[in-house]
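Novice: The structure file structure-v7.cif (mmCIF, N, CA and C atoms) is provided below.
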data_query
loop_
_atom_site.label_atom_id
_atom_site.label_comp_id
_atom_site.auth_asym_id
_atom_site.auth_seq_id
_atom_site.Cartn_x
_atom_site.Cartn_y
_atom_site.Cartn_z
N MET A 178 97.00 92.90 135.39
CA MET A 178 97.03 92.47 134.00
C MET A 178 98.05 93.30 133.23
N GLU A 179 98.71 92.67 132.30
CA GLU A 179 99.75 93.31 131.50
C GLU A 179 99.16 94.42 130.62
N LYS A 180 99.95 95.48 130.43
CA LYS A 180 99.57 96.54 129.51
C LYS A 180 99.85 96.04 128.10
N LEU A 181 98.80 95.57 127.45
CA LEU A 181 98.92 94.93 126.16
C LEU A 181 98.00 95.60 125.15
N ALA A 182 98.55 95.93 123.99
CA ALA A 182 97.76 96.44 122.86
C ALA A 182 97.92 95.47 121.71
N VAL A 183 96.80 94.98 121.20
CA VAL A 183 96.80 94.06 120.07
C VAL A 183 96.15 94.81 118.91
N ILE A 184 96.82 94.82 117.77
CA ILE A 184 96.33 95.56 116.62
C ILE A 184 96.24 94.63 115.42
N PHE A 185 95.05 94.55 114.84
CA PHE A 185 94.82 93.71 113.67
C PHE A 185 94.97 94.52 112.39
N THR A 186 95.43 93.85 111.33
CA THR A 186 95.48 94.41 109.98
C THR A 186 94.95 93.35 109.04
N GLY A 187 93.95 93.72 108.24
CA GLY A 187 93.42 92.76 107.28
C GLY A 187 92.17 93.28 106.61
N ILE A 188 91.90 92.75 105.44
CA ILE A 188 90.71 93.20 104.72
C ILE A 188 89.45 92.65 105.38
N GLN A 189 88.33 93.21 105.02
CA GLN A 189 87.06 92.78 105.58
C GLN A 189 86.84 91.30 105.30
N ALA A 190 86.23 90.61 106.26
CA ALA A 190 85.88 89.19 106.16
C ALA A 190 87.11 88.27 106.12
N SER A 191 88.22 88.75 106.69
CA SER A 191 89.43 87.91 106.76
C SER A 191 89.52 87.14 108.06
N GLY A 192 88.55 87.32 108.96
CA GLY A 192 88.50 86.54 110.19
C GLY A 192 88.90 87.28 111.45
N LYS A 193 89.10 88.58 111.37
CA LYS A 193 89.61 89.35 112.51
C LYS A 193 88.73 89.24 113.75
N THR A 194 87.44 89.48 113.61
CA THR A 194 86.56 89.49 114.77
C THR A 194 86.41 88.11 115.38
N THR A 195 86.29 87.09 114.56
CA THR A 195 86.21 85.72 115.08
C THR A 195 87.49 85.35 115.81
N PHE A 196 88.64 85.71 115.26
CA PHE A 196 89.93 85.46 115.90
C PHE A 196 89.99 86.17 117.26
N ARG A 197 89.51 87.41 117.31
CA ARG A 197 89.49 88.15 118.57
C ARG A 197 88.62 87.44 119.60
N GLU A 198 87.43 87.03 119.19
CA GLU A 198 86.52 86.36 120.12
C GLU A 198 87.13 85.08 120.69
N MET A 199 87.90 84.38 119.87
CA MET A 199 88.51 83.12 120.29
C MET A 199 89.78 83.31 121.12
N ASN A 200 90.52 84.38 120.86
CA ASN A 200 91.85 84.52 121.46
C ASN A 200 92.00 85.67 122.46
N PHE A 201 91.18 86.69 122.34
CA PHE A 201 91.32 87.86 123.22
C PHE A 201 89.99 88.35 123.76
N PRO A 202 89.12 87.45 124.24
CA PRO A 202 87.80 87.90 124.70
C PRO A 202 87.84 88.82 125.92
N GLU A 203 88.94 88.75 126.69
CA GLU A 203 89.04 89.53 127.92
C GLU A 203 89.55 90.95 127.68
N LEU A 204 90.06 91.24 126.49
CA LEU A 204 90.59 92.57 126.21
C LEU A 204 89.47 93.51 125.78
N VAL A 205 89.64 94.79 126.09
CA VAL A 205 88.67 95.79 125.63
C VAL A 205 88.66 95.77 124.11
N HIS A 206 87.47 95.69 123.54
CA HIS A 206 87.29 95.57 122.09
C HIS A 206 87.10 96.96 121.48
N ILE A 207 88.09 97.41 120.74
CA ILE A 207 88.00 98.69 120.04
C ILE A 207 87.72 98.38 118.58
N ASN A 208 86.50 98.70 118.15
CA ASN A 208 86.05 98.34 116.82
C ASN A 208 85.13 99.44 116.30
N LEU A 209 85.52 100.05 115.19
CA LEU A 209 84.75 101.16 114.63
C LEU A 209 83.34 100.73 114.22
N ASP A 210 83.16 99.50 113.77
CA ASP A 210 81.82 99.04 113.38
C ASP A 210 80.86 99.08 114.55
N THR A 211 81.33 98.70 115.74
CA THR A 211 80.43 98.68 116.90
C THR A 211 80.36 100.04 117.59
N LEU A 212 81.45 100.79 117.58
CA LEU A 212 81.46 102.11 118.24
C LEU A 212 80.83 103.19 117.35
N ARG A 213 80.86 102.99 116.05
CA ARG A 213 80.18 103.79 115.04
C ARG A 213 80.79 105.15 114.70
N THR A 214 81.58 105.75 115.58
CA THR A 214 82.20 107.03 115.24
C THR A 214 83.66 107.03 115.69
N ARG A 215 84.48 107.80 114.99
CA ARG A 215 85.89 107.93 115.38
C ARG A 215 86.00 108.58 116.75
N ASN A 216 85.11 109.49 117.07
CA ASN A 216 85.14 110.16 118.37
C ASN A 216 84.96 109.13 119.49
N ARG A 217 83.99 108.25 119.37
CA ARG A 217 83.79 107.21 120.39
C ARG A 217 85.00 106.28 120.46
N GLU A 218 85.53 105.94 119.29
CA GLU A 218 86.70 105.08 119.25
C GLU A 218 87.89 105.75 119.95
N ASP A 219 88.12 107.02 119.65
CA ASP A 219 89.22 107.76 120.28
C ASP A 219 89.04 107.85 121.78
N ARG A 220 87.82 108.09 122.24
CA ARG A 220 87.57 108.18 123.69
C ARG A 220 87.84 106.86 124.38
N LEU A 221 87.42 105.75 123.77
CA LEU A 221 87.67 104.44 124.37
C LEU A 221 89.16 104.12 124.39
N LEU A 222 89.86 104.44 123.32
CA LEU A 222 91.31 104.24 123.28
C LEU A 222 91.99 105.05 124.37
N ASP A 223 91.61 106.32 124.51
CA ASP A 223 92.19 107.17 125.56
C ASP A 223 91.91 106.61 126.95
N GLU A 224 90.68 106.15 127.18
CA GLU A 224 90.33 105.55 128.48
C GLU A 224 91.24 104.36 128.78
N CYS A 225 91.42 103.52 127.79
CA CYS A 225 92.25 102.31 127.99
C CYS A 225 93.67 102.68 128.37
N VAL A 226 94.31 103.56 127.61
CA VAL A 226 95.71 103.86 127.89
C VAL A 226 95.87 104.64 129.19
N GLU A 227 94.91 105.50 129.51
CA GLU A 227 94.99 106.25 130.77
C GLU A 227 94.82 105.34 131.97
N GLN A 228 94.02 104.28 131.83
CA GLN A 228 93.76 103.36 132.94
C GLN A 228 94.64 102.10 132.88
N GLY A 229 95.46 101.98 131.84
CA GLY A 229 96.33 100.82 131.72
C GLY A 229 95.60 99.54 131.38
N ARG A 230 94.43 99.65 130.75
CA ARG A 230 93.63 98.47 130.41
C ARG A 230 94.10 97.88 129.08
N PRO A 231 94.25 96.56 129.00
CA PRO A 231 94.64 95.93 127.75
C PRO A 231 93.50 96.03 126.73
N PHE A 232 93.86 96.17 125.45
CA PHE A 232 92.84 96.33 124.42
C PHE A 232 93.27 95.69 123.12
N VAL A 233 92.27 95.43 122.27
CA VAL A 233 92.51 94.91 120.93
C VAL A 233 91.78 95.82 119.95
N VAL A 234 92.50 96.27 118.92
CA VAL A 234 91.92 97.09 117.87
C VAL A 234 91.55 96.16 116.72
N ASP A 235 90.25 96.00 116.54
CA ASP A 235 89.70 95.06 115.57
C ASP A 235 89.09 95.85 114.41
N ASN A 236 89.96 96.47 113.63
CA ASN A 236 89.57 97.22 112.43
C ASN A 236 90.43 96.70 111.27
N THR A 237 90.17 97.21 110.06
CA THR A 237 90.99 96.78 108.93
C THR A 237 92.40 97.35 109.03
N ASP A 238 92.53 98.60 109.43
CA ASP A 238 93.81 99.30 109.57
C ASP A 238 94.82 98.90 108.50
N PRO A 239 94.49 99.17 107.24
CA PRO A 239 95.33 98.69 106.14
C PRO A 239 96.64 99.45 105.94
N THR A 240 96.76 100.65 106.50
CA THR A 240 97.96 101.45 106.23
C THR A 240 98.74 101.74 107.51
N ARG A 241 100.01 102.05 107.33
CA ARG A 241 100.84 102.46 108.47
C ARG A 241 100.21 103.67 109.16
N GLU A 242 99.72 104.58 108.36
CA GLU A 242 99.10 105.80 108.92
C GLU A 242 97.90 105.45 109.79
N SER A 243 97.08 104.51 109.36
CA SER A 243 95.89 104.16 110.14
C SER A 243 96.25 103.45 111.45
N ARG A 244 97.39 102.81 111.50
CA ARG A 244 97.83 102.12 112.72
C ARG A 244 98.60 103.03 113.66
N ARG A 245 99.10 104.13 113.15
CA ARG A 245 100.00 105.01 113.90
C ARG A 245 99.41 105.50 115.22
N LYS A 246 98.16 105.94 115.22
CA LYS A 246 97.60 106.50 116.46
C LYS A 246 97.51 105.46 117.57
N TYR A 247 97.16 104.23 117.22
CA TYR A 247 97.05 103.19 118.24
C TYR A 247 98.43 102.83 118.80
N ILE A 248 99.38 102.62 117.90
CA ILE A 248 100.73 102.25 118.33
C ILE A 248 101.36 103.38 119.12
N GLY A 249 101.22 104.60 118.63
CA GLY A 249 101.82 105.76 119.31
C GLY A 249 101.29 105.94 120.72
N LYS A 250 99.99 105.89 120.88
CA LYS A 250 99.40 106.06 122.22
C LYS A 250 99.78 104.91 123.13
N ALA A 251 99.76 103.70 122.60
CA ALA A 251 100.11 102.54 123.42
C ALA A 251 101.57 102.62 123.88
N LYS A 252 102.47 102.93 122.97
CA LYS A 252 103.89 103.02 123.32
C LYS A 252 104.15 104.14 124.32
N ALA A 253 103.47 105.27 124.13
CA ALA A 253 103.65 106.40 125.04
C ALA A 253 103.20 106.07 126.46
N HIS A 254 102.36 105.05 126.61
CA HIS A 254 101.86 104.65 127.93
C HIS A 254 102.44 103.32 128.39
N GLY A 255 103.54 102.88 127.77
CA GLY A 255 104.25 101.71 128.25
C GLY A 255 103.65 100.36 127.89
N TYR A 256 102.89 100.30 126.84
CA TYR A 256 102.27 99.05 126.41
C TYR A 256 103.22 98.21 125.56
N ARG A 257 103.02 96.91 125.64
CA ARG A 257 103.61 95.98 124.67
C ARG A 257 102.61 95.90 123.53
N VAL A 258 103.09 96.06 122.30
CA VAL A 258 102.20 96.12 121.13
C VAL A 258 102.44 94.91 120.24
N ILE A 259 101.38 94.15 120.02
CA ILE A 259 101.45 92.96 119.19
C ILE A 259 100.54 93.16 117.98
N GLY A 260 101.06 92.86 116.80
CA GLY A 260 100.28 92.98 115.57
C GLY A 260 99.99 91.63 114.95
N TYR A 261 98.80 91.52 114.39
CA TYR A 261 98.39 90.33 113.66
C TYR A 261 97.94 90.76 112.27
N TYR A 262 98.59 90.19 111.26
CA TYR A 262 98.23 90.46 109.88
C TYR A 262 97.46 89.26 109.33
N PHE A 263 96.24 89.51 108.87
CA PHE A 263 95.37 88.45 108.40
C PHE A 263 95.54 88.26 106.90
N ARG A 264 96.23 87.18 106.55
CA ARG A 264 96.52 86.85 105.15
C ARG A 264 95.31 86.12 104.57
N SER A 265 94.77 86.66 103.51
CA SER A 265 93.67 85.99 102.84
C SER A 265 93.51 86.59 101.46
N SER A 266 92.93 85.81 100.59
CA SER A 266 92.72 86.29 99.23
C SER A 266 91.42 87.08 99.15
N ILE A 267 91.34 87.92 98.15
CA ILE A 267 90.10 88.67 97.92
C ILE A 267 88.95 87.69 97.71
N ALA A 268 89.17 86.63 96.93
CA ALA A 268 88.10 85.66 96.64
C ALA A 268 87.57 85.02 97.93
N GLU A 269 88.48 84.64 98.84
CA GLU A 269 88.04 84.05 100.12
C GLU A 269 87.20 85.04 100.92
N CYS A 270 87.65 86.28 100.97
CA CYS A 270 86.93 87.29 101.75
C CYS A 270 85.59 87.63 101.11
N LEU A 271 85.54 87.70 99.79
CA LEU A 271 84.27 87.94 99.11
C LEU A 271 83.29 86.82 99.43
N GLY A 272 83.77 85.59 99.43
CA GLY A 272 82.91 84.45 99.75
C GLY A 272 82.38 84.51 101.17
N ARG A 273 83.25 84.79 102.13
CA ARG A 273 82.81 84.89 103.53
C ARG A 273 81.87 86.07 103.72
N ASN A 274 82.15 87.17 103.03
CA ASN A 274 81.30 88.36 103.14
C ASN A 274 79.89 88.07 102.63
N ARG A 275 79.77 87.26 101.59
CA ARG A 275 78.44 86.93 101.03
C ARG A 275 77.61 86.12 102.02
N GLU A 276 78.28 85.46 102.97
CA GLU A 276 77.57 84.68 103.98
C GLU A 276 77.09 85.55 105.14
N ARG A 277 77.56 86.77 105.21
CA ARG A 277 77.16 87.69 106.26
C ARG A 277 75.77 88.27 105.97
N THR A 278 75.14 88.77 107.02
CA THR A 278 73.83 89.40 106.86
C THR A 278 73.85 90.78 107.51
N GLY A 279 72.90 91.60 107.14
CA GLY A 279 72.73 92.91 107.75
C GLY A 279 73.94 93.80 107.57
N LYS A 280 74.23 94.59 108.61
CA LYS A 280 75.33 95.55 108.55
C LYS A 280 76.70 94.88 108.52
N ALA A 281 76.76 93.62 108.89
CA ALA A 281 78.04 92.90 108.87
C ALA A 281 78.54 92.71 107.43
N ARG A 282 77.61 92.68 106.50
CA ARG A 282 78.00 92.50 105.09
C ARG A 282 78.37 93.86 104.51
N VAL A 283 79.53 93.91 103.87
CA VAL A 283 80.00 95.15 103.25
C VAL A 283 79.93 95.02 101.74
N PRO A 284 79.86 96.14 101.03
CA PRO A 284 79.89 96.06 99.56
C PRO A 284 81.21 95.45 99.09
N ASP A 285 81.14 94.68 98.01
CA ASP A 285 82.36 94.08 97.45
C ASP A 285 83.42 95.14 97.19
N ALA A 286 82.98 96.31 96.75
CA ALA A 286 83.92 97.40 96.44
C ALA A 286 84.76 97.78 97.66
N ALA A 287 84.20 97.67 98.85
CA ALA A 287 84.94 98.00 100.08
C ALA A 287 86.11 97.03 100.27
N ILE A 288 85.89 95.77 99.98
CA ILE A 288 86.95 94.77 100.11
C ILE A 288 88.06 95.05 99.10
N PHE A 289 87.68 95.32 97.86
CA PHE A 289 88.68 95.65 96.84
C PHE A 289 89.46 96.91 97.21
N SER A 290 88.76 97.91 97.71
CA SER A 290 89.39 99.18 98.08
C SER A 290 90.40 98.98 99.21
N THR A 291 89.99 98.28 100.25
CA THR A 291 90.89 98.04 101.38
C THR A 291 92.10 97.24 100.93
N HIS A 292 91.89 96.22 100.13
CA HIS A 292 93.00 95.41 99.62
C HIS A 292 93.98 96.27 98.82
N GLY A 293 93.46 97.21 98.07
CA GLY A 293 94.32 98.08 97.27
C GLY A 293 95.18 99.02 98.09
N ARG A 294 94.75 99.32 99.32
CA ARG A 294 95.51 100.23 100.20
C ARG A 294 96.39 99.48 101.19
N LEU A 295 96.28 98.16 101.22
CA LEU A 295 96.94 97.34 102.23
C LEU A 295 98.45 97.49 102.22
N GLU A 296 99.00 97.84 103.37
CA GLU A 296 100.45 97.91 103.60
C GLU A 296 100.79 96.94 104.71
N LEU A 297 101.72 96.05 104.45
CA LEU A 297 102.11 95.09 105.47
C LEU A 297 102.64 95.82 106.69
N PRO A 298 102.28 95.36 107.88
CA PRO A 298 102.87 95.96 109.08
C PRO A 298 104.36 95.62 109.16
N SER A 299 105.08 96.39 109.97
CA SER A 299 106.51 96.10 110.15
C SER A 299 106.93 96.51 111.56
N TYR A 300 108.03 95.94 111.98
CA TYR A 300 108.57 96.29 113.30
C TYR A 300 108.93 97.77 113.39
N GLU A 301 109.27 98.37 112.27
CA GLU A 301 109.62 99.80 112.25
C GLU A 301 108.50 100.68 112.77
N GLU A 302 107.26 100.20 112.70
CA GLU A 302 106.11 100.97 113.18
C GLU A 302 106.04 101.02 114.71
N GLY A 303 106.76 100.11 115.37
CA GLY A 303 106.73 100.08 116.83
C GLY A 303 106.17 98.81 117.42
N PHE A 304 105.84 97.84 116.58
CA PHE A 304 105.35 96.56 117.09
C PHE A 304 106.47 95.85 117.85
N ASP A 305 106.09 95.21 118.96
CA ASP A 305 107.03 94.38 119.72
C ASP A 305 107.03 92.95 119.21
N GLU A 306 105.88 92.52 118.69
CA GLU A 306 105.74 91.19 118.10
C GLU A 306 104.79 91.32 116.92
N LEU A 307 105.02 90.50 115.90
CA LEU A 307 104.14 90.45 114.73
C LEU A 307 103.89 89.00 114.35
N TYR A 308 102.66 88.75 113.88
CA TYR A 308 102.26 87.41 113.46
C TYR A 308 101.42 87.47 112.19
N TYR A 309 101.52 86.40 111.41
CA TYR A 309 100.62 86.17 110.29
C TYR A 309 99.47 85.30 110.81
N VAL A 310 98.27 85.55 110.32
CA VAL A 310 97.13 84.69 110.64
C VAL A 310 96.46 84.33 109.32
N ARG A 311 96.11 83.06 109.19
CA ARG A 311 95.33 82.63 108.03
C ARG A 311 94.31 81.61 108.50
N ILE A 312 93.31 81.42 107.69
CA ILE A 312 92.29 80.42 108.02
C ILE A 312 92.64 79.15 107.26
N GLY A 313 92.92 78.10 108.03
CA GLY A 313 93.26 76.80 107.45
C GLY A 313 92.06 75.87 107.51
N ALA A 314 92.26 74.64 107.11
CA ALA A 314 91.19 73.64 107.10
C ALA A 314 90.62 73.39 108.49
N ASP A 315 91.48 73.51 109.51
CA ASP A 315 91.05 73.23 110.88
C ASP A 315 90.93 74.49 111.73
N GLY A 316 90.79 75.63 111.12
CA GLY A 316 90.65 76.87 111.87
C GLY A 316 91.82 77.81 111.62
N PHE A 317 92.05 78.69 112.57
CA PHE A 317 93.10 79.70 112.42
C PHE A 317 94.49 79.10 112.60
N VAL A 318 95.41 79.57 111.76
CA VAL A 318 96.81 79.19 111.86
C VAL A 318 97.60 80.48 112.06
N THR A 319 98.40 80.53 113.10
CA THR A 319 99.20 81.71 113.42
C THR A 319 100.67 81.37 113.29
N ASP A 320 101.40 82.20 112.55
CA ASP A 320 102.83 82.01 112.34
C ASP A 320 103.59 83.25 112.77
N LYS A 321 104.79 83.05 113.30
CA LYS A 321 105.67 84.19 113.60
C LYS A 321 105.95 84.98 112.35
N TRP A 322 106.13 86.26 112.49
CA TRP A 322 106.38 87.16 111.37
C TRP A 322 107.73 86.89 110.75
N ASP A 323 107.77 86.94 109.45
CA ASP A 323 109.00 86.82 108.70
C ASP A 323 108.99 87.94 107.67
N GLU A 324 109.86 88.89 107.81
CA GLU A 324 109.89 90.06 106.92
C GLU A 324 110.08 89.67 105.46
N LYS A 325 110.56 88.47 105.19
CA LYS A 325 110.84 88.05 103.82
C LYS A 325 109.60 87.52 103.09
N ARG A 326 108.51 87.29 103.82
CA ARG A 326 107.31 86.73 103.17
C ARG A 326 106.65 87.71 102.27
#
Now that the file is in, can you turn its structure into structure tokens?

Specialist:
Amino acid sequence: MEKLAVIFTGIQASGKTTFREMNFPELVHINLDTLRTRNREDRLLDECVEQGRPFVVDNTDPTRESRRKYIGKAKAHGYRVIGYYFRSSIAECLGRNRERTGKARVPDAAIFSTHGRLELPSYEEGFDELYYVRIGADGFVTDKWDEKR
């Protein structure tokens, strides 16, 4: 299997986990919500790159700084790094978040906070490919990255 690292960027309730389940179910799922601590997340990331296992980072990762460790480790181990930026409005995400239950539902303030810190990914960070993802009437729509958008 190819050494592949997939990194998501997007605010909460923008569709990241559902997109992962539909498109990358075979990749190791690195997600802070399920792993619960940065230490566990770091250990799983290290295991993946040391063993050459493909993985997907399914977190908000709104800033270049938050994406740096994943991209850096992946590149240092010869991975191809693909980024997906989930385009969605705060109103859409607030609506989807209200439909969630239990721990899956986050406070509205968390969505606003993440949106306020959001930095678009760029090839300068080390991505080999970048895509926009949005939720359309018939499901997910993925477009090639265009720096001018």

Novice: Would you return as a ChimeraX atom specification the members of chain A that DSSP assigns to helix (DSSP H, G or I) on this structure's backbone?

Specialist: /A:193-200,209-212,215-228,241-253,267-275,279-281,285-294,300-302

Novice: So which one's closest to A:Val234, A:Met178, A:Leu271, A:Asp219, A:Thr186? Using all atoms listed in the file, please.

Specialist: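 Checking each of A:Met178, A:Leu271, A:Asp219, A:Thr186 against A:Val234, counting all atoms listed in the file, the winner is A:Thr186.
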
Novice: The PyMOL selection byres ((chain A and resi 231) around 5) - which residues does that actually catch in the file I just gave you? List them as a compact mmCIF listing (two decimals) with N, CA and C atoms, in the coordinates of the input.

Specialist:
# COMPACT_ATOMS: atom_id res chain seq x y z
N LEU A 181 98.80 95.57 127.45
CA LEU A 181 98.92 94.93 126.16
C LEU A 181 98.00 95.60 125.15
N LEU A 204 90.06 91.24 126.49
CA LEU A 204 90.59 92.57 126.21
C LEU A 204 89.47 93.51 125.78
N VAL A 205 89.64 94.79 126.09
CA VAL A 205 88.67 95.79 125.63
C VAL A 205 88.66 95.77 124.11
N GLY A 229 95.46 101.98 131.84
CA GLY A 229 96.33 100.82 131.72
C GLY A 229 95.60 99.54 131.38
N ARG A 230 94.43 99.65 130.75
CA ARG A 230 93.63 98.47 130.41
C ARG A 230 94.10 97.88 129.08
N PHE A 232 93.86 96.17 125.45
CA PHE A 232 92.84 96.33 124.42
C PHE A 232 93.27 95.69 123.12
N VAL A 233 92.27 95.43 122.27
CA VAL A 233 92.51 94.91 120.93
C VAL A 233 91.78 95.82 119.95

Novice: List the spatial neighbours of stretch 188-198 of chain A as a ChimeraX atom specification - criterion: any atom at most 7 Å away, all atoms listed in the file, same-chain residues fewer than 5 positions off excluded.

Specialist: /A:235,237,239,263-265,269-271,273-274,287-288,291-292,312

Novice: Could you find all residues in stretch 187-271 of chain A that DSSP calls strand (DSSP E) from the backbone, and write them as a PyMOL selection string?

Specialist: chain A and resi 205-207+232-234+257-263

Novice: Considering only C-alpha atoms, return as a PDB file with N, CA and C atoms, keeping the file's coordinate frame whatever protein or nucleic-acid residues lie within 10 Å of stretch 250-254 of chain A, sequence-local ones (same chain, fewer than 5 positions apart) excluded.

Specialist:
ATOM      1  N   LYS A 180      99.950  95.480 130.430  1.00  0.00           N
ATOM      2  CA  LYS A 180      99.570  96.540 129.510  1.00  0.00           C
ATOM      3  C   LYS A 180      99.850  96.040 128.100  1.00  0.00           C
ATOM      4  N   LEU A 181      98.800  95.570 127.450  1.00  0.00           N
ATOM      5  CA  LEU A 181      98.920  94.930 126.160  1.00  0.00           C
ATOM      6  C   LEU A 181      98.000  95.600 125.150  1.00  0.00           C
ATOM      7  N   ALA A 182      98.550  95.930 123.990  1.00  0.00           N
ATOM      8  CA  ALA A 182      97.760  96.440 122.860  1.00  0.00           C
ATOM      9  C   ALA A 182      97.920  95.470 121.710  1.00  0.00           C
ATOM     10  N   VAL A 183      96.800  94.980 121.200  1.00  0.00           N
ATOM     11  CA  VAL A 183      96.800  94.060 120.070  1.00  0.00           C
ATOM     12  C   VAL A 183      96.150  94.810 118.910  1.00  0.00           C
ATOM     13  N   LEU A 222      89.860 104.440 123.320  1.00  0.00           N
ATOM     14  CA  LEU A 222      91.310 104.240 123.280  1.00  0.00           C
ATOM     15  C   LEU A 222      91.990 105.050 124.370  1.00  0.00           C
ATOM     16  N   ASP A 223      91.610 106.320 124.510  1.00  0.00           N
ATOM     17  CA  ASP A 223      92.190 107.170 125.560  1.00  0.00           C
ATOM     18  C   ASP A 223      91.910 106.610 126.950  1.00  0.00           C
ATOM     19  N   CYS A 225      91.420 103.520 127.790  1.00  0.00           N
ATOM     20  CA  CYS A 225      92.250 102.310 127.990  1.00  0.00           C
ATOM     21  C   CYS A 225      93.670 102.680 128.370  1.00  0.00           C
ATOM     22  N   VAL A 226      94.310 103.560 127.610  1.00  0.00           N
ATOM     23  CA  VAL A 226      95.710 103.860 127.890  1.00  0.00           C
ATOM     24  C   VAL A 226      95.870 104.640 129.190  1.00  0.00           C
ATOM     25  N   GLU A 227      94.910 105.500 129.510  1.00  0.00           N
ATOM     26  CA  GLU A 227      94.990 106.250 130.770  1.00  0.00           C
ATOM     27  C   GLU A 227      94.820 105.340 131.970  1.00  0.00           C
ATOM     28  N   GLN A 228      94.020 104.280 131.830  1.00  0.00           N
ATOM     29  CA  GLN A 228      93.760 103.360 132.940  1.00  0.00           C
ATOM     30  C   GLN A 228      94.640 102.100 132.880  1.00  0.00           C
ATOM     31  N   GLY A 229      95.460 101.980 131.840  1.00  0.00           N
ATOM     32  CA  GLY A 229      96.330 100.820 131.720  1.00  0.00           C
ATOM     33  C   GLY A 229      95.600  99.540 131.380  1.00  0.00           C
ATOM     34  N   PRO A 231      94.250  96.560 129.000  1.00  0.00           N
ATOM     35  CA  PRO A 231      94.640  95.930 127.750  1.00  0.00           C
ATOM     36  C   PRO A 231      93.500  96.030 126.730  1.00  0.00           C
ATOM     37  N   PHE A 232      93.860  96.170 125.450  1.00  0.00           N
ATOM     38  CA  PHE A 232      92.840  96.330 124.420  1.00  0.00           C
ATOM     39  C   PHE A 232      93.270  95.690 123.120  1.00  0.00           C
ATOM     40  N   ARG A 245      99.100 104.130 113.150  1.00  0.00           N
ATOM     41  CA  ARG A 245     100.000 105.010 113.900  1.00  0.00           C
ATOM     42  C   ARG A 245      99.410 105.500 115.220  1.00  0.00           C
ATOM     43  N   GLY A 303     106.760 100.110 115.370  1.00  0.00           N
ATOM     44  CA  GLY A 303     106.730 100.080 116.830  1.00  0.00           C
ATOM     45  C   GLY A 303     106.170  98.810 117.420  1.00  0.00           C
ATOM     46  N   PHE A 304     105.840  97.840 116.580  1.00  0.00           N
ATOM     47  CA  PHE A 304     105.350  96.560 117.090  1.00  0.00           C
ATOM     48  C   PHE A 304     106.470  95.850 117.850  1.00  0.00           C
ATOM     49  N   ASP A 305     106.090  95.210 118.960  1.00  0.00           N
ATOM     50  CA  ASP A 305     107.030  94.380 119.720  1.00  0.00           C
ATOM     51  C   ASP A 305     107.030  92.950 119.210  1.00  0.00           C
TER      52      ASP A 305
END

Novice: Go ahead and compute the interatomic distance for atom CA of A:Tyr262 and atom CA of A:Tyr309, in Å to one decimal.

Specialist: 4.9 Å

Novice: Provide an axis-aligned box for all listed atoms of stretch 204-218 of chain A, padding each side by 8 Å; report its centre and its edge lengths in Å to one decimal, as JSON.

Specialist:
{"center_x": 85.4, "center_y": 100.7, "center_z": 119.9, "size_x": 26.4, "size_y": 34.9, "size_z": 29.1}

Novice: Measure the distance from atom N of A:Asp285 to atom CA of A:His206 in Å and round it to one decimal.

Specialist: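 Atom-to-atom, atom N of A:Asp285 to atom CA of A:His206, that is 24.9 Å.
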
Novice: Report as a PyMOL selection string all protein, DNA and RNA residues lying within 6.5 Å of A:Asn236, evaluated on all atoms listed in the file, omitting residues in the same chain fewer than 5 positions from it.

Specialist: chain A and resi 185-187+207-209

Novice: What's the separation between atom CA of A:Ala281 and atom C of A:Asp210, in Å to one decimal place?

Specialist: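 We find that atom CA of A:Ala281 and atom C of A:Asp210 lie 8.9 Å from each other.
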
Novice: Please identify all polymer residues within 7 Å of A:Glu296, counting all atoms listed in the file, omitting same-chain residues fewer than 6 positions from it, and present them as number ranges by chain.

Specialist: A: 238-241
